[in-house]
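Take a look at the structure set out below.
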Amino acid sequence: KKKKIITKIINYNKKIQAEKKILKILKLNKINIICLAGFMKILSENFINKCNIKILNIHPSLLPRYKGLNTHYRVLKNKEIFSGCTVHIVNKKLDSGKILFQKKLKINKNDTIKSLEKRILKIENKIYPLALMKFIRSNF
């Protein structure tokens, strides 16, 4: 509200209707890029095809490893030395689009799922705006 940014709240319980509504809002407002963060939904192939604009996402792992959910748990379970986060283009396959930017983080011996999540989130908050600006400069 302070920045006078227009917001819309969409009920995503009915995915098909929600995606139709989102597409309408995007077209009406001439939106030319979508940035997902904490969205935790998989966009349908239909939405991605009809959207016809670039969709960026930030994922809490060093893609292409650890796609999907529970990344921190799986990283720790596999005794990885590093983890991190990735900004990528969304495509039809889950967490498989072109990688735009990654940042690596050394895992501490005493890291838990929560501590790793917290440390990676700090990095996500720094690199996402940088990746977005780099993307905009190179494509628009």
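To be explicit about the labels: the chains of the structure tokens are called A, B, and onward in the order shown, and within each one the residues are counted from 1, while ligands get numbers from 1 in the order they are shown.
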| Any idea what's packed within 12 Å of A:Tyr12, counting only C-alpha atoms, ignoring anything in its chain fewer than 6 positions away? Could you give it as a PyMOL selection string? | chain A and resi 18-22+39-43
| message | Please return, as an MDAnalysis selection string, all residues of chain A that DSSP assigns to strand (DSSP E or B) on the basis of the backbone. | response | chainID A and resid 33:36 54:59 82:89 99:106
| request: Name all residues at most 8 Å from A:Leu100 (count only C-alpha atoms; drop same-chain ones fewer than 6 positions away) and give them as number ranges by chain. | output: A: 86-89, 131, 135
| query | Hey, what does DSSP flag as helix (DSSP H, G or I) within stretch 47-111 of chain A? Can you give it to me as a ChimeraX atom specification? | reply | /A:47-51,71-77
| task | Take atom CA of A:Lys92 and atom CA of A:Glu45 and report the distance between them in Å, one decimal. | result |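 Distance reported for this atom pair: 5.5 Å.
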Need the shell around A:Ile55: protein/DNA/RNA residues with any atom at most 8 Å away, counting only C-alpha atoms. Skip same-chain ones fewer than 6 positions apart. Format as a short mmCIF file (atom, residue, chain, number, x, y, z; two decimals) with C-alpha atoms, in the first residue's frame?
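In the end it all went to result.cif:
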```
data_model
loop_
_atom_site.label_atom_id
_atom_site.label_comp_id
_atom_site.auth_asym_id
_atom_site.auth_seq_id
_atom_site.Cartn_x
_atom_site.Cartn_y
_atom_site.Cartn_z
CA ILE A 33 7.34 -10.71 -16.74
CA ILE A 34 6.29 -12.89 -13.79
CA CYS A 35 8.56 -13.52 -10.81
CA LEU A 36 7.59 -16.45 -8.63
CA ILE A 89 13.17 -19.56 -16.35
CA VAL A 90 9.99 -21.58 -15.80
#
```
| message | Report, in Å with one decimal, the straight-line distance from atom CA of A:Lys3 to atom CA of A:Ile123. | response | 24.2 Å
| Which neighbours of A:Lys126 fall inside 12 Å, counting only C-alpha atoms, when residues of the same chain fewer than 3 positions from it are skipped, and could you give them as a PyMOL selection string? | chain A and resi 58+85-87+101-103+119-123+129-133
| query | Do you have the atom CA of A:Leu76-atom CA of A:Pro60 distance handy? | reply |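 About the pair atom CA of A:Leu76 and atom CA of A:Pro60: they are 13.0 Å apart.
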| remark: Across A:Lys104, A:Lys24, A:Lys98, A:Lys8, the smallest distance to A:Pro64, with only C-alpha atoms counted, is shown by A:Lys98
| message | as a count of residues only, please: the residues near A:Lys27 (cut-off 10 Å, only C-alpha atoms, same-chain neighbours under 4 positions excluded). | response | 6
| field | Selected residue, from A:Asn108, A:Asn70, A:Asn29, A:Ser96, that lies nearest to A:Ile6 when counting only C-alpha atoms | value |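 Using only C-alpha atoms, A:Ile6 sits closest to A:Asn29.
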| Option closest in space to A:Gln17, from A:Phe47, A:Ile127, A:Leu105, A:Lys30 [counting only C-alpha atoms] |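 Nearest candidate to A:Gln17 out of A:Phe47, A:Ile127, A:Leu105, A:Lys30: A:Phe47.
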